[in-house]
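Student: One structure, pasted below without further comment.
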Amino acid sequence: MRKLILPALLLAVLVLIGFRLHSELELSTSSTSTANGLPGRPAMLVDTAEAKPHLFVSNLERLGELEPLASVDIMSRVSGRLREVLVERGDPVRKGQLLGVVEEDDLLRQIRRAEAAIAVTRASVSREVATYENLEIQVDRYQKLHAESLISIQELQDLESRLRVSAAQVELAKAQVDQAEASLSELRLQQEQTSVFSPLDGFVSARYLYPGALVSPSVGIVRVIDVSRVKTLVPVTEDILPEVHAGLLAAVTVDAFPDRQYKGQITRISPFLDPDTRTADIEIEITNASGELKPGMFARVSIEARKPKPSLAIPRSALLTRGSIQGVFLLNEELTTRFVPITIGRMQDDFVEVLGGLEDGTRVVTSGAQKLNEGDKVKIS
């Protein structure tokens with residue numbers, strides 16, 4: 001019996017000691033929880049900032065494709081067979097540079113025939129003039145004879161009629177000379193047009209024909225593009241249209257040179273909307289003096305579409321996300337945290353636009369906010 005009593009007393013003592021230790025631990029934990037809001041955590045040091053107006057710049061971001069400012073298919077003004085093409089794809093060309101030549105043998109033959117026709121018509125004029133002058137002398141003599149009653153009035157009138165016909169023949173012959181000379185001038189102009197020149201500075205982007213091909217004023221020989229300036233068309237929705245206008249500046253970047261930014265400017269705005277996409281195209285022109293920008297490159301365009309206006313904002317470090325809710329931590333008079341949902345707008349640099357949920361001047365927790373929980377006790381640095 002004694003053997004059973006001794007172990008029971010020892011067990012009772014151990015249970016009493018354990019109970020006392022557990023009570024002291026709960027008391028210590030409760031004290032810490034009262035000081036910090038969470039069991040076992042000391043008050044955290046945080047920073048705060050005021051929600052106040054900030055100037056946001058609203059940029060319109062669009063993706064477009066670069067195009068040459070000018071692209072011209074060069075054609076021959078006359079029909080014929082192409083004799084030679086003097087440029088290849090990719091060659092630089094200058095305005096007025098000879099690009100190709102059309103055979104002119106047939107035109108040369110026509111020119112020689114026209115020159116001969118002119119010589120014939122000029123001889124005809126000389127003959128008609130001589131006839132007219134001879135008739136003019138005869139009319140003068142007939143008038144004197146009629147005055148002396150040596151010839152009848154009928155004979156005089158017949159001769160005067162022949163004189164008028166002769167004068168008309170002279171005018172006709174002279175008109176035929178003018179017509180022949182005009183035909184010759186046209187043929188010589190066509191001969192000059194057998195040489196095909198570039199109408200602008202640029203590069204040959206395509207070659208369509210080779211020597212021996214038949215050409216006409218509707219068939220392109222080469223294409224020349226001007227890349228000293230390039231352009232891109234980007235669509236904008238109808239709600240943005242009132243905020244863009246010709247002359248507005250744009251910043252342009254391309255993947256080939258990600259560290260460079262090119263200056264662009266809106267030059268044209270489409271006067272109508274595409275019925276399928278409900279968007280209107282705006283044309284942006286970009287200076288390309290260095291020639292780095294190539295037609296076909298994708299361009300990222302940033303347009304300052306709206307005038308900057310100040311909006312209520314908080315530092316980006318204050319913004320928290322709890323599930324699908326975004327908000328911030330506020331502090332009460334006891335420096336205890338309280339989570340408040342907010343509605344946000346634009347994010348720019350280190351600032352977040354607040355559209356609802358906060359008032360101007362409200363202080364929010366910034367640094368350290370990500371580590372806090374609802375009801376935590378904090379200290380402000």
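Quick note on naming: the chains in the structure tokens go A, B, ... in the order shown, residues restart at 1 in each chain, and ligands are numbered from 1 in order of appearance.
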Which neighbours of Phe257 in chain A fall inside 12 Å, counting only C-alpha atoms, when residues of the same chain fewer than 5 positions from it are skipped, and could you give them as a list in words?
Tutor: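 Everything that qualifies: Val252, Tyr262, Glu292, Leu293, Lys294, Met297, Phe298, Ala299 and Arg300 of chain A.
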Student: What's the 10 Å shell around Phe351 in chain A, counting only C-alpha atoms, without same-chain residues fewer than 3 positions away, as number ranges by chain?
Tutor: A: 54-56, 312-319, 346-348, 354
Student: For range 135-145 of chain A, work out the shell of residues within 7 Å, counting only C-alpha atoms and skipping chain neighbours fewer than 2 positions away, then give it as a VMD selection string.
Tutor: chain A and resid 131 to 133 147 to 151 156 159 to 160 163
Student: Determine, using only C-alpha atoms, which residues of range 47-109 of chain A have any atom at most 7 Å from an atom of range 170-192 of chain A, and tabulate each with its shortest atom pair and distance in Å to one decimal place, rows ordered by chain and then rising number, as JSON lines.
Tutor:
{"residue": "A:Val78", "atom": "CA", "partner": "A:Gln190", "partner_atom": "CA", "distance": 6.5}
{"residue": "A:Glu104", "atom": "CA", "partner": "A:Gln191", "partner_atom": "CA", "distance": 6.4}
{"residue": "A:Leu107", "atom": "CA", "partner": "A:Gln191", "partner_atom": "CA", "distance": 6.4}
Student: Could you give me, as a list in words, the residues within 8 Å of range 278-282 of chain A, counting only C-alpha atoms and dropping anything in the same chain fewer than 6 positions from it?
Tutor: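 Neighbouring residues, sequence-local ones excluded: Leu233, Val234, Pro235, Val236, Thr237, Glu238, Leu241, Ile266, Thr267, Arg268, Ile269, Ser270, Pro271 and Phe272 of chain A.
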